[in-house]
>>> print(open('query_4.cif').read())   # mmCIF, C-alpha atoms and all ligand atoms
data_work
loop_
_atom_site.label_atom_id
_atom_site.label_comp_id
_atom_site.auth_asym_id
_atom_site.auth_seq_id
_atom_site.Cartn_x
_atom_site.Cartn_y
_atom_site.Cartn_z
CA MET A 7 6.97 13.95 29.36
CA GLN A 8 10.23 12.76 27.73
CA PRO A 9 10.33 9.07 26.74
CA GLU A 10 12.72 6.97 28.83
CA PRO A 11 16.21 6.82 27.19
CA LEU A 12 17.07 3.71 25.20
CA HIS A 13 19.52 1.29 26.75
CA GLN A 14 21.29 -1.78 25.36
CA TYR A 15 22.80 -4.82 27.09
CA VAL A 16 24.97 -7.51 25.46
CA TYR A 17 26.32 -10.63 27.19
CA VAL A 18 27.55 -14.15 26.65
CA SER A 19 26.79 -17.15 28.87
CA SER A 20 26.93 -20.96 28.95
CA ALA A 21 23.87 -23.19 29.20
CA SER A 22 23.84 -25.16 32.46
CA ARG A 23 23.18 -28.21 30.25
CA LEU A 24 22.42 -28.70 26.57
CA LEU A 25 18.87 -27.48 25.94
CA SER A 26 16.46 -29.46 23.76
CA ASP A 27 14.61 -27.83 20.87
CA ASP A 28 11.41 -27.85 22.98
CA GLU A 29 13.16 -26.07 25.85
CA LEU A 30 14.53 -23.44 23.47
CA VAL A 31 11.08 -22.93 21.95
CA ASP A 32 9.66 -22.50 25.46
CA LEU A 33 12.34 -20.00 26.44
CA LEU A 34 11.73 -18.01 23.26
CA ARG A 35 7.95 -18.00 23.65
CA THR A 36 8.17 -16.54 27.16
CA SER A 37 10.89 -14.11 26.09
CA ARG A 38 8.92 -12.77 23.14
CA GLU A 39 5.73 -12.34 25.18
CA ASN A 40 7.57 -10.52 27.96
CA ASN A 41 9.62 -8.41 25.56
CA ALA A 42 6.56 -7.31 23.57
CA ARG A 43 4.97 -6.23 26.88
CA ASP A 44 8.13 -4.40 28.03
CA GLY A 45 9.21 -2.68 24.78
CA ILE A 46 12.34 -4.84 24.47
CA THR A 47 13.84 -5.92 21.15
CA GLY A 48 16.94 -8.02 20.51
CA MET A 49 18.71 -11.08 19.19
CA LEU A 50 19.74 -14.37 20.78
CA LEU A 51 22.26 -16.85 19.36
CA TYR A 52 22.66 -20.40 20.69
CA ARG A 53 25.65 -22.43 19.67
CA GLY A 54 26.74 -25.71 21.22
CA GLY A 55 25.68 -24.80 24.73
CA ASN A 56 26.66 -21.12 24.60
CA PHE A 57 24.41 -18.09 24.41
CA MET A 58 25.10 -14.63 23.03
CA GLN A 59 22.35 -12.06 23.41
CA ALA A 60 21.71 -8.36 22.81
CA PHE A 61 18.61 -6.60 24.06
CA GLU A 62 17.53 -2.99 24.03
CA GLY A 63 14.64 -0.88 25.24
CA PRO A 64 13.70 1.59 27.95
CA GLU A 65 16.46 1.58 30.57
CA GLY A 66 14.24 0.37 33.42
CA ALA A 67 12.96 -2.57 31.36
CA VAL A 68 16.48 -3.51 30.26
CA ARG A 69 17.76 -3.46 33.86
CA ALA A 70 14.82 -5.59 35.02
CA LEU A 71 15.42 -8.14 32.26
CA GLU A 72 19.14 -8.29 33.02
CA ALA A 73 18.31 -9.05 36.67
CA ARG A 74 15.87 -11.86 35.68
CA ILE A 75 18.34 -13.35 33.21
CA ARG A 76 21.16 -13.31 35.78
CA GLN A 77 19.02 -15.40 38.13
CA ASP A 78 17.93 -17.93 35.52
CA PRO A 79 19.27 -21.41 36.39
CA ARG A 80 19.26 -22.46 32.72
CA HIS A 81 22.62 -20.74 32.19
CA ARG A 82 25.74 -19.64 34.09
CA ASP A 83 29.06 -17.77 33.58
CA ILE A 84 27.25 -14.67 32.41
CA HIS A 85 29.73 -12.09 31.09
CA GLY A 86 28.26 -8.64 30.47
CA LEU A 87 30.00 -7.11 27.43
CA LEU A 88 28.14 -3.89 26.58
CA ASP A 89 25.88 -1.94 28.91
CA GLY A 90 25.00 1.57 27.89
CA ALA A 91 22.74 4.16 26.32
CA VAL A 92 22.05 3.91 22.59
CA ALA A 93 20.48 6.39 20.20
CA VAL A 94 18.66 3.83 18.04
CA ARG A 95 17.59 0.21 18.21
CA GLN A 96 19.74 -2.33 16.33
CA PHE A 97 16.98 -4.97 16.29
CA PRO A 98 13.82 -2.87 15.95
CA ASN A 99 11.73 -5.57 14.26
CA TRP A 100 12.36 -8.45 16.64
CA THR A 101 10.91 -9.02 20.09
CA MET A 102 13.75 -11.59 20.15
CA GLY A 103 15.39 -12.77 16.94
CA PHE A 104 16.84 -16.25 17.36
CA ALA A 105 19.43 -18.37 15.59
CA ASN A 106 20.40 -21.89 16.62
CA VAL A 107 23.77 -21.66 14.93
CA GLU A 108 24.58 -25.39 15.04
CA ARG A 109 21.25 -26.21 13.40
CA MET A 110 21.78 -23.60 10.70
CA THR A 111 25.18 -25.11 9.90
CA GLU A 112 23.68 -28.64 9.70
CA GLN A 113 21.08 -27.34 7.28
CA GLY A 114 23.75 -25.55 5.26
CA GLU A 115 21.90 -22.26 5.44
CA HIS A 116 23.18 -19.50 3.26
CA GLY A 117 26.06 -17.42 4.57
CA VAL A 118 26.34 -19.14 7.96
CA SER A 119 29.80 -20.62 7.50
CA ARG A 120 31.10 -17.17 6.65
CA LEU A 121 29.51 -15.76 9.81
CA LEU A 122 30.92 -18.56 11.91
CA GLY A 123 34.40 -17.42 10.94
CA SER A 124 33.72 -14.31 12.97
CA TYR A 125 32.37 -16.22 16.03
CA ALA A 126 34.69 -16.05 19.03
CA SER A 127 35.23 -17.56 22.47
CA ALA A 128 33.93 -15.82 25.61
CA ALA A 129 37.50 -14.79 26.53
CA GLU A 130 38.06 -13.15 23.13
CA LEU A 131 34.72 -11.37 23.40
CA VAL A 132 35.50 -9.98 26.84
CA ASP A 133 38.70 -8.50 25.36
CA ASP A 134 36.81 -6.98 22.41
CA PRO A 135 33.26 -6.34 23.68
CA GLY A 136 32.03 -4.68 20.46
CA ARG A 137 32.70 -7.89 18.56
CA ALA A 138 29.69 -9.71 20.02
CA LEU A 139 27.39 -6.95 18.81
CA ARG A 140 28.97 -7.07 15.35
CA ILE A 141 28.36 -10.85 15.24
CA LEU A 142 24.72 -10.44 16.33
CA VAL A 143 24.17 -7.70 13.76
CA SER A 144 25.68 -9.86 10.99
CA PHE A 145 23.26 -12.68 11.90
CA ARG A 146 20.41 -10.15 11.88
CA ASP A 147 21.39 -9.09 8.37
CA ALA A 148 21.89 -12.66 7.12
CA MET A 149 18.52 -13.76 8.50
CA ARG A 150 16.71 -10.98 6.71
CA GLY A 151 17.60 -12.79 3.52
CA VAL A 152 16.57 -16.29 4.73
P1 LIG B 201 8.29 -17.72 34.14
O1 LIG B 201 8.71 -18.04 32.73
O2 LIG B 201 6.96 -18.18 34.61
O3 LIG B 201 9.45 -18.26 35.09
C1 LIG B 201 9.35 -18.16 36.51
C2 LIG B 201 10.68 -18.58 37.12
O4 LIG B 201 11.04 -19.91 36.74
C3 LIG B 201 11.82 -17.67 36.66
O5 LIG B 201 12.70 -17.48 37.77
C4 LIG B 201 12.52 -18.50 35.60
O6 LIG B 201 13.89 -18.13 35.47
C5 LIG B 201 12.30 -19.91 36.06
N1 LIG B 201 12.16 -20.86 34.93
C6 LIG B 201 11.27 -20.79 33.95
N2 LIG B 201 11.40 -21.82 33.10
C7 LIG B 201 12.42 -22.57 33.59
C8 LIG B 201 13.04 -23.77 33.18
N3 LIG B 201 12.63 -24.43 32.07
N4 LIG B 201 14.06 -24.24 33.91
C9 LIG B 201 14.48 -23.59 35.02
N5 LIG B 201 13.93 -22.45 35.46
C10 LIG B 201 12.91 -21.94 34.77
N6 LIG B 201 13.21 -13.50 29.35
C11 LIG B 201 12.65 -12.44 28.77
O7 LIG B 201 11.61 -11.96 29.23
N7 LIG B 201 13.21 -11.88 27.66
C12 LIG B 201 14.37 -12.34 27.10
O8 LIG B 201 14.83 -11.80 26.08
C13 LIG B 201 15.00 -13.47 27.71
N8 LIG B 201 16.14 -13.98 27.22
C14 LIG B 201 16.71 -15.05 27.85
C15 LIG B 201 17.90 -15.58 27.35
C16 LIG B 201 18.51 -16.67 27.99
C17 LIG B 201 19.80 -17.21 27.45
C18 LIG B 201 17.90 -17.26 29.12
C19 LIG B 201 18.53 -18.44 29.79
C20 LIG B 201 16.72 -16.75 29.62
C21 LIG B 201 16.11 -15.65 28.98
N9 LIG B 201 14.91 -15.13 29.45
C22 LIG B 201 14.35 -14.04 28.85
C23 LIG B 201 14.18 -15.77 30.55
C24 LIG B 201 14.38 -15.04 31.86
O9 LIG B 201 15.60 -15.44 32.44
C25 LIG B 201 13.22 -15.35 32.82
O10 LIG B 201 13.12 -16.75 32.96
C26 LIG B 201 11.90 -14.85 32.28
O11 LIG B 201 12.01 -13.52 31.85
C27 LIG B 201 10.87 -14.97 33.41
O12 LIG B 201 9.65 -14.91 32.77
P2 LIG B 201 8.30 -14.90 33.63
O13 LIG B 201 8.36 -13.77 34.57
O14 LIG B 201 7.17 -14.97 32.66
O15 LIG B 201 8.40 -16.18 34.51
#
>>> encode(input="query_4.cif", output="C-alpha cells")
Amino acid sequence: MQPEPLHQYVYVSSASRLLSDDELVDLLRTSRENNARDGITGMLLYRGGNFMQAFEGPEGAVRALEARIRQDPRHRDIHGLLDGAVAVRQFPNWTMGFANVERMTEQGEHGVSRLLGSYASAAELVDDPGRALRILVSFRDAMRGV
C-alpha cells in the first residue's frame, strides 16, 4: 500500500489573551504528544500575543489537526496561508519546535534581532503567504545553533 501523501498547513492567529509561560508549556506538551502519535512535525512561534505555525504530516492527520486548532478558544483570527501537498518535511526533527520570540529577544539570543527584521504583520503575510514559511524555516535554522 502507498503511504499517505505528505501535506503541510501554515497559518497565523492571535491569542485570545496573553498566555502565561505555564499555559504555553501545557499547550506544547499536549501538542507534542498528539503530534508524535499522529506523525505530525512542525514549528510554532509566539510573539506578543500572535501565533505563527507550520505543521506537516499525512494529509488526514493534518486536516484533523487543522480542525481541532480552528476550534481552540485560546486563539482567534486564524488566517490559513499555505495548505497543500509537499514532497518533503521542512521540520522533520520536531514534533513541534517552539520559539517564544519576545523571550528570546529579552535574553539577547544569537541571531534573533536579525530574524525579527523579517517578521511581518498578518496582513502582510496574507499578501505573501510563502513569507511565513520562510520566517519559520529561518527560526528552525537559527535554533539548530542555539
Ligand atoms: P485536550 O488537550 O484534552 O483538550 C480538550 C478540549 O479542551 C479541546 O477542545 C481543547 O481545545 C480545549 N482546551 C484544552 N486546554 C485548554 C485551555 N487551556 N483553555 C481552553 N481550552 C482548552 N494540538 C496538537 O495536537 N498539535 C499541535 O501542533 C497544536 N498546535 C496548537 C497551536 C496553537 C496556537 C493552539 C492555540 C493550539 C494548538 N494545539 C495543537 C491544540 C489543539 O487546538 C487542541 O487543543 C488539541 O489538539 C486537543 O488535544 P486533546 O485532544 O488531547 O484534548
>>> residues_near_ligand(input="query_4.cif", ligand="ligand LIG 201 (chain B)", cutoff="7 Å", atoms="only C-alpha atoms and all ligand atoms", output="mmCIF file with C-alpha atoms, in the frame of the given file")
data_model
loop_
_atom_site.group_PDB
_atom_site.id
_atom_site.type_symbol
_atom_site.label_atom_id
_atom_site.label_comp_id
_atom_site.auth_asym_id
_atom_site.auth_seq_id
_atom_site.Cartn_x
_atom_site.Cartn_y
_atom_site.Cartn_z
ATOM 1 C CA GLU A 29 13.160 -26.070 25.850
ATOM 2 C CA LEU A 33 12.340 -20.000 26.440
ATOM 3 C CA THR A 36 8.170 -16.540 27.160
ATOM 4 C CA SER A 37 10.890 -14.110 26.090
ATOM 5 C CA ARG A 38 8.920 -12.770 23.140
ATOM 6 C CA ASN A 40 7.570 -10.520 27.960
ATOM 7 C CA ASN A 41 9.620 -8.410 25.560
ATOM 8 C CA LEU A 50 19.740 -14.370 20.780
ATOM 9 C CA PHE A 57 24.410 -18.090 24.410
ATOM 10 C CA GLN A 59 22.350 -12.060 23.410
ATOM 11 C CA PHE A 61 18.610 -6.600 24.060
ATOM 12 C CA LEU A 71 15.420 -8.140 32.260
ATOM 13 C CA ARG A 74 15.870 -11.860 35.680
ATOM 14 C CA ILE A 75 18.340 -13.350 33.210
ATOM 15 C CA ARG A 76 21.160 -13.310 35.780
ATOM 16 C CA GLN A 77 19.020 -15.400 38.130
ATOM 17 C CA ASP A 78 17.930 -17.930 35.520
ATOM 18 C CA PRO A 79 19.270 -21.410 36.390
ATOM 19 C CA ARG A 80 19.260 -22.460 32.720
ATOM 20 C CA HIS A 81 22.620 -20.740 32.190
ATOM 21 C CA MET A 102 13.750 -11.590 20.150
#
>>> closest_residue(input="query_4.cif", among="A:Ala70, A:Ala128, A:Ala93, A:Leu88", to="A:Val18", atoms="only C-alpha atoms")
A:Ala128
>>> closest_residue(input="query_4.cif", among="A:Leu30, A:Glu39, A:Tyr15, A:Leu51", to="A:Ile141", atoms="all atoms listed in the file")
A:Leu51
>>> residues_near_point(input="query_4.cif", point="(26.1, -3.0, 18.0)", cutoff="9 Å", atoms="all atoms listed in the file", output="number ranges by chain")
A: 14, 16, 60, 88, 96, 136-143
>>> atom_distance(input="query_4.cif", atom1="atom CA of A:Ser22", atom2="atom CA of A:Pro135")
22.8 Å
>>> closest_residue(input="query_4.cif", among="A:Asp147, A:Asp44, A:Asp83, A:Asp133", to="A:Glu62", atoms="only C-alpha atoms")
A:Asp44
>>> atom_distance(input="query_4.cif", atom1="atom CA of A:Val94", atom2="atom CA of A:Pro64")
11.3 Å
>>> atom_distance(input="query_4.cif", atom1="atom CA of A:Val68", atom2="atom CA of A:Met49")
13.6 Å
>>> closest_residue(input="query_4.cif", among="A:Gln8, A:Ser20, A:Thr47, A:Ser26", to="A:Gly103", atoms="all atoms listed in the file")
A:Thr47
>>> closest_residue(input="query_4.cif", among="A:Gly45, A:Ser19, A:Pro11, A:Arg146", to="A:Val132", atoms="only C-alpha atoms")
A:Ser19
